[in-house]
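Everything on this sheet refers to the single structure shown next.
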Amino acid sequence: MIWSWLMLLTILPGIGFIIYLLFGFEGRKHTRFMQKNKNDKLLRQKYIGNILKIEEDYDLYTKNVPTDLYDGEPQYQDILYLNQISGSSLLRNDNSLTVYDEGTSKFEAMLKDIENANDFIHLEYYIVRSDNLGRHIMRALSKKASEGVEVKLLYDGMGNIFNSKSFNKPLISAGGDVGIFLSPYSIRLNYRNHRKLCVIDGKIGYVGGLNIGDEYLGRVKRYGFWRDSHIRFEGSAVHDLELRFISDWNFASKKCIDIEERYFPKPFSPVKGINMQILSSGPDCDLNSIQYGYFKMITEASKSVCFQTPYFIPDDSILEALKTTALSGIDVKIIIPAHPDHPFVFAASISYISELLEAGVKCYKYEKGFIHSKFITIDDKITSIGTTNMDIRSLKLNFEVNAFIYDEMITRNFNESFKKDLGDCTEITRKWYEERGKLFKIQESVSRLISPLL
């Protein structure tokens with residue numbers, strides 16, 4: 001990444017320096033975001049003391065790792081342990097879960113849950129379009145706010161730069177609150193809140209790849225069918241999603257939320273369910289914990305690695321992990337869009353995929369429409385699904401959130417969906433790559449050069 005910036009500054013010394021100031025130089029990251037990090041830790045500590053009723057240091061509490069989840073399979077236990085230590089992410093074992101592979105059913109379920117909300121609705125999205133779906137969601141939220149339900153909507157400033165102020169007025173007039181995470185008019189354009197989550201009454205959580213907009217329902221001709229992955233879950237893992245929302249809301253809004261029991265209702269059932277961890281990463285975190293989780297999953301796989309991502313611009317560690325795993329005889333497969341929403345991203349992705357082909361990774365282009373799904377599975381054992389793309393921006397710069405799911409049935413279901421998607425794919429072969437046109441080769445070279453910006 002550093003060499004890419006140096007090359008850009010050398011080739012375009014004037015314009016390149018301005019681009020670097022806007023997108024590369026970290027500047028005030030170590031003041032504003034590090035203060036957020038401290039505040040987030042205080043909130044987590046308060047959660048441990050006031051909600052879990054444990055008078056113990058939070059970091060020590062997270063190191064109390066269960067040892068019987070993968071008895072006889074220590075490599076999987078190590079992934080769980082890594083996530084708890086690097087991301088202060090507790091293992092939750094009482095969850096139920098529903099998986100969505102497109103937007104219509106997900107939003108139907110979420111709108112129904114919004115309609116049935118009794119206490120509060122908290123939403124955090126990178127994009128909330130002022131189109132048909134966006135207005136429909138806004139009307140539903142405004143109705144609940146007028147009924148006395150606490151409604152708070154947080155969205156990224158850059159992701160919603162073209163929304164008019166009037167779009168928020170119905171919700172605000174009804175008594176709801178709207179927060180903007182980082183102004184789009186700040187010189188710091190490089191940091192984006194890419195998280196997409198919803199918490200209802202502290203009992204229901206949603207997280208995944210779907211923003212709010214008509215394209216996510218497949219209603220925009222440019223994209224066609226929209227293939228994505230999102231989950232709805234109930235269980236104590238919802239507490240961690242709510243804690244993430246409160247942390248981000250308090251950073252963006254002057255109307256801070258305190259840690260109260262109403263936001264964290266008591267566990268739902270003593271019966272064991274699906275094991276999950278909610279893991280966050282970004283400039284407000286000590287470590288790139290989701291990147292570490294991805295790396296650990298890839299390197300600990302013993303049979304297979306499958307993942308889907310709309311943008312494939314990995315850093316060196318992920319790239320080498322994929323190549324090493326494939327060279328070790330592990331079945332590694334990746335699906336990317338055949339018709340991406342950004343031509344430079346596709347060309348950059350192909351430049352990295354050419355290296356994977358040499359190592360034996362099987363790579364595919366999704367032809368049915370646009371694939372925006374972001375999940376990775378290993379060995380029918382573990383799945384990670386959330387907002388994180390397999391690119392440098394998501395892994396190192398964006399504010400992201402993922403669920404790590406330790407359940408064989410759920411992972412098998414994701415793998416079955418992956419196999420189904422392969423039926424709508426074309427394999428990227430060495431022959432295809434070697435026969436690409438001269439114009440694409442030039443585009444590929446330029447895209448690789450500017451890949452840190454994509």
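We name chains A, B, ... following the order of the structure tokens; residues begin at 1 in each chain, and ligands are numbered from 1 as shown.
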Fill in: Members of stretch 82-286 of chain A assigned helix (DSSP H, G or I) by DSSP, as an MDAnalysis selection string
chainID A and resid 82:87 103:115 132:146 158:160 165:173 214:217 237:252 261:263
Worksheet item: Could you pull out all residues of stretch 189-270 of chain A with a DSSP call of strand (DSSP E or B) and give them as a ChimeraX atom specification?
Response: /A:193,197-200,204-208,212,225-227,230-234
Could those residues be written to a file, using N, CA, C and O atoms, as a PDB file, in the first residue's frame?
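Result written to selection_33.pdb:
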ATOM      1  N   ASN A 193     -18.202   4.999   7.741  1.00  0.00           N
ATOM      2  CA  ASN A 193     -18.908   4.040   8.587  1.00  0.00           C
ATOM      3  C   ASN A 193     -19.691   3.100   7.675  1.00  0.00           C
ATOM      4  O   ASN A 193     -20.776   3.422   7.206  1.00  0.00           O
ATOM      5  N   LEU A 197     -26.520  -2.237  10.540  1.00  0.00           N
ATOM      6  CA  LEU A 197     -27.100  -3.027  11.622  1.00  0.00           C
ATOM      7  C   LEU A 197     -28.417  -2.411  12.058  1.00  0.00           C
ATOM      8  O   LEU A 197     -28.680  -1.222  11.863  1.00  0.00           O
ATOM      9  N   CYS A 198     -29.231  -3.252  12.646  1.00  0.00           N
ATOM     10  CA  CYS A 198     -30.516  -2.832  13.195  1.00  0.00           C
ATOM     11  C   CYS A 198     -30.760  -3.629  14.474  1.00  0.00           C
ATOM     12  O   CYS A 198     -30.555  -4.850  14.497  1.00  0.00           O
ATOM     13  N   VAL A 199     -31.184  -2.937  15.529  1.00  0.00           N
ATOM     14  CA  VAL A 199     -31.535  -3.589  16.790  1.00  0.00           C
ATOM     15  C   VAL A 199     -32.931  -3.132  17.193  1.00  0.00           C
ATOM     16  O   VAL A 199     -33.212  -1.927  17.201  1.00  0.00           O
ATOM     17  N   ILE A 200     -33.799  -4.074  17.518  1.00  0.00           N
ATOM     18  CA  ILE A 200     -35.183  -3.774  17.881  1.00  0.00           C
ATOM     19  C   ILE A 200     -35.481  -4.352  19.259  1.00  0.00           C
ATOM     20  O   ILE A 200     -35.367  -5.569  19.485  1.00  0.00           O
ATOM     21  N   ILE A 204     -33.913  -8.366  18.921  1.00  0.00           N
ATOM     22  CA  ILE A 204     -33.753  -8.767  17.524  1.00  0.00           C
ATOM     23  C   ILE A 204     -32.628  -7.943  16.916  1.00  0.00           C
ATOM     24  O   ILE A 204     -32.581  -6.717  17.085  1.00  0.00           O
ATOM     25  N   GLY A 205     -31.740  -8.605  16.210  1.00  0.00           N
ATOM     26  CA  GLY A 205     -30.638  -7.920  15.542  1.00  0.00           C
ATOM     27  C   GLY A 205     -30.542  -8.311  14.081  1.00  0.00           C
ATOM     28  O   GLY A 205     -30.844  -9.454  13.710  1.00  0.00           O
ATOM     29  N   TYR A 206     -30.135  -7.361  13.256  1.00  0.00           N
ATOM     30  CA  TYR A 206     -29.865  -7.600  11.842  1.00  0.00           C
ATOM     31  C   TYR A 206     -28.460  -7.099  11.532  1.00  0.00           C
ATOM     32  O   TYR A 206     -28.063  -6.015  11.983  1.00  0.00           O
ATOM     33  N   VAL A 207     -27.699  -7.852  10.737  1.00  0.00           N
ATOM     34  CA  VAL A 207     -26.399  -7.396  10.265  1.00  0.00           C
ATOM     35  C   VAL A 207     -26.085  -8.116   8.954  1.00  0.00           C
ATOM     36  O   VAL A 207     -26.496  -9.260   8.743  1.00  0.00           O
ATOM     37  N   GLY A 208     -25.384  -7.430   8.054  1.00  0.00           N
ATOM     38  CA  GLY A 208     -25.033  -8.044   6.771  1.00  0.00           C
ATOM     39  C   GLY A 208     -24.676  -6.996   5.745  1.00  0.00           C
ATOM     40  O   GLY A 208     -24.273  -5.881   6.078  1.00  0.00           O
ATOM     41  N   ILE A 212     -29.941   0.376   2.670  1.00  0.00           N
ATOM     42  CA  ILE A 212     -31.347   0.686   2.408  1.00  0.00           C
ATOM     43  C   ILE A 212     -31.435   1.480   1.112  1.00  0.00           C
ATOM     44  O   ILE A 212     -30.957   2.612   1.030  1.00  0.00           O
ATOM     45  N   PHE A 225     -30.531  -8.158 -10.915  1.00  0.00           N
ATOM     46  CA  PHE A 225     -30.729  -8.938  -9.692  1.00  0.00           C
ATOM     47  C   PHE A 225     -29.607  -8.652  -8.701  1.00  0.00           C
ATOM     48  O   PHE A 225     -28.431  -8.634  -9.069  1.00  0.00           O
ATOM     49  N   TRP A 226     -29.990  -8.419  -7.446  1.00  0.00           N
ATOM     50  CA  TRP A 226     -29.007  -8.081  -6.412  1.00  0.00           C
ATOM     51  C   TRP A 226     -28.865  -9.271  -5.465  1.00  0.00           C
ATOM     52  O   TRP A 226     -29.767  -9.602  -4.718  1.00  0.00           O
ATOM     53  N   ARG A 227     -27.709  -9.903  -5.509  1.00  0.00           N
ATOM     54  CA  ARG A 227     -27.421 -11.045  -4.636  1.00  0.00           C
ATOM     55  C   ARG A 227     -26.641 -10.547  -3.425  1.00  0.00           C
ATOM     56  O   ARG A 227     -25.589  -9.938  -3.553  1.00  0.00           O
ATOM     57  N   HIS A 230     -27.510 -11.456   4.420  1.00  0.00           N
ATOM     58  CA  HIS A 230     -27.841 -10.724   5.641  1.00  0.00           C
ATOM     59  C   HIS A 230     -28.410 -11.725   6.634  1.00  0.00           C
ATOM     60  O   HIS A 230     -28.956 -12.755   6.235  1.00  0.00           O
ATOM     61  N   ILE A 231     -28.291 -11.441   7.919  1.00  0.00           N
ATOM     62  CA  ILE A 231     -28.857 -12.343   8.928  1.00  0.00           C
ATOM     63  C   ILE A 231     -29.728 -11.570   9.909  1.00  0.00           C
ATOM     64  O   ILE A 231     -29.499 -10.396  10.196  1.00  0.00           O
ATOM     65  N   ARG A 232     -30.736 -12.247  10.394  1.00  0.00           N
ATOM     66  CA  ARG A 232     -31.572 -11.798  11.506  1.00  0.00           C
ATOM     67  C   ARG A 232     -31.350 -12.782  12.645  1.00  0.00           C
ATOM     68  O   ARG A 232     -31.370 -13.988  12.429  1.00  0.00           O
ATOM     69  N   PHE A 233     -31.125 -12.284  13.850  1.00  0.00           N
ATOM     70  CA  PHE A 233     -30.894 -13.211  14.942  1.00  0.00           C
ATOM     71  C   PHE A 233     -31.505 -12.701  16.240  1.00  0.00           C
ATOM     72  O   PHE A 233     -31.733 -11.500  16.428  1.00  0.00           O
ATOM     73  N   GLU A 234     -31.815 -13.635  17.100  1.00  0.00           N
ATOM     74  CA  GLU A 234     -32.282 -13.358  18.455  1.00  0.00           C
ATOM     75  C   GLU A 234     -31.367 -14.097  19.419  1.00  0.00           C
ATOM     76  O   GLU A 234     -30.887 -15.188  19.122  1.00  0.00           O
TER      77      GLU A 234
END
Discussion item. As a PyMOL selection string, please: the residues near A:Asp424 (cut-off 6 Å, only C-alpha atoms, same-chain neighbours under 5 positions excluded).
Written reply: chain A and resi 366-368
Item to complete: Write out as an NGL selection string the residues lying within 8 Å of A:Leu43, counting only C-alpha atoms and excluding same-chain residues fewer than 2 positions away.
Response: :A and (39-41 or 45-47 or 243 or 247 or 259)
Keeping only N, CA and C atoms, take the residues you just selected and write them out as an mmCIF file, in the first residue's frame.
data_model
loop_
_atom_site.group_PDB
_atom_site.id
_atom_site.type_symbol
_atom_site.label_atom_id
_atom_site.label_comp_id
_atom_site.auth_asym_id
_atom_site.auth_seq_id
_atom_site.Cartn_x
_atom_site.Cartn_y
_atom_site.Cartn_z
ATOM 1 N N ASN A 39 -13.670 5.940 24.974
ATOM 2 C CA ASN A 39 -15.070 6.014 25.395
ATOM 3 C C ASN A 39 -15.781 4.684 25.199
ATOM 4 N N ASP A 40 -15.472 4.006 24.086
ATOM 5 C CA ASP A 40 -16.085 2.704 23.821
ATOM 6 C C ASP A 40 -15.700 1.688 24.893
ATOM 7 N N LYS A 41 -14.450 1.717 25.325
ATOM 8 C CA LYS A 41 -13.998 0.794 26.368
ATOM 9 C C LYS A 41 -14.716 1.062 27.686
ATOM 10 N N GLN A 45 -17.037 -1.560 29.678
ATOM 11 C CA GLN A 45 -16.796 -1.852 31.092
ATOM 12 C C GLN A 45 -18.069 -1.641 31.906
ATOM 13 N N LYS A 46 -18.804 -0.593 31.563
ATOM 14 C CA LYS A 46 -20.060 -0.311 32.255
ATOM 15 C C LYS A 46 -21.090 -1.405 31.971
ATOM 16 N N TYR A 47 -21.087 -1.921 30.748
ATOM 17 C CA TYR A 47 -21.979 -3.027 30.403
ATOM 18 C C TYR A 47 -21.670 -4.254 31.240
ATOM 19 N N LEU A 243 -24.576 -2.641 21.826
ATOM 20 C CA LEU A 243 -23.429 -1.943 22.400
ATOM 21 C C LEU A 243 -22.645 -1.225 21.297
ATOM 22 N N SER A 247 -22.185 2.914 21.062
ATOM 23 C CA SER A 247 -20.847 3.488 20.936
ATOM 24 C C SER A 247 -20.761 4.441 19.747
ATOM 25 N N ILE A 259 -25.773 3.358 29.323
ATOM 26 C CA ILE A 259 -25.965 1.907 29.447
ATOM 27 C C ILE A 259 -27.072 1.649 30.457
#
Practice prompt. Please identify all polymer residues within 10 Å of stretch 66-71 of chain A, counting only C-alpha atoms, omitting same-chain residues fewer than 2 positions from it, and present them as a PyMOL selection string.
Written response: chain A and resi 63-64+73-78+80-81+91+93+275+381+406-407
Keeping only C-alpha atoms, write those residues as a compact mmCIF listing (two decimals), in the first residue's frame.
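Generated file (selection36.txt):
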# COMPACT_ATOMS: atom_id res chain seq x y z
CA LYS A 63 -10.11 -14.07 28.16
CA ASN A 64 -12.37 -16.55 29.94
CA GLU A 73 -10.15 -29.51 16.95
CA PRO A 74 -7.94 -26.83 18.52
CA GLN A 75 -7.52 -24.84 15.29
CA TYR A 76 -11.18 -23.79 15.45
CA GLN A 77 -10.95 -23.02 19.15
CA ASP A 78 -8.00 -20.74 18.34
CA LEU A 80 -12.69 -18.07 18.80
CA TYR A 81 -9.90 -17.17 21.22
CA LEU A 91 -18.92 -15.84 22.78
CA ASN A 93 -24.30 -19.47 22.84
CA ASN A 275 -22.67 -19.90 19.05
CA LYS A 381 -17.50 -25.38 10.61
CA TYR A 406 -19.62 -21.39 15.06
CA ASP A 407 -22.29 -23.77 13.80
Fill in: Spatial neighbours of A:Glu444, 7 Å, only C-alpha atoms, chain gap at least 3 places, as a list in words
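Contacts, in chain order: Ala347, Ala348, Ser351, Phe440, Lys441, Ser447 and Arg448 of chain A.
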Discussion item. As a list of chain:residue names, please: the residues near A:Lys362 (cut-off 12 Å, only C-alpha atoms, same-chain neighbours under 5 positions excluded).
Written reply: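 The filter keeps A:Ser304, A:Val305, A:Cys306, A:Phe307, A:Leu322, A:Lys323, A:Ala326, A:Leu327, A:Ile330, A:Asp331, A:Val332, A:Lys333, A:Ile334, A:Ile335, A:Ile336, A:Ile353, A:Ser354, A:Glu355, A:Leu356, A:Leu357, A:Leu422, A:Cys425, A:Thr426, A:Glu427, A:Ile428, A:Thr429, A:Arg430.
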Practice prompt. Could you check how far atom CA of A:Arg44 sits from atom CA of A:Asn211, in Å to one decimal?
Written response: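 Interatomic distance here is 26.7 Å.
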Worksheet entry | Among the residues A:Asp341, A:Asp228, A:Asp131, A:Asp248, the one that comes closest to A:Phe418 [using only C-alpha atoms] | A:Asp228
Worksheet entry | Å distance separating atom CA of A:Asn163 from atom CA of A:His136, one decimal place |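 Pair atom CA of A:Asn163 / atom CA of A:His136 returns 15.1 Å.
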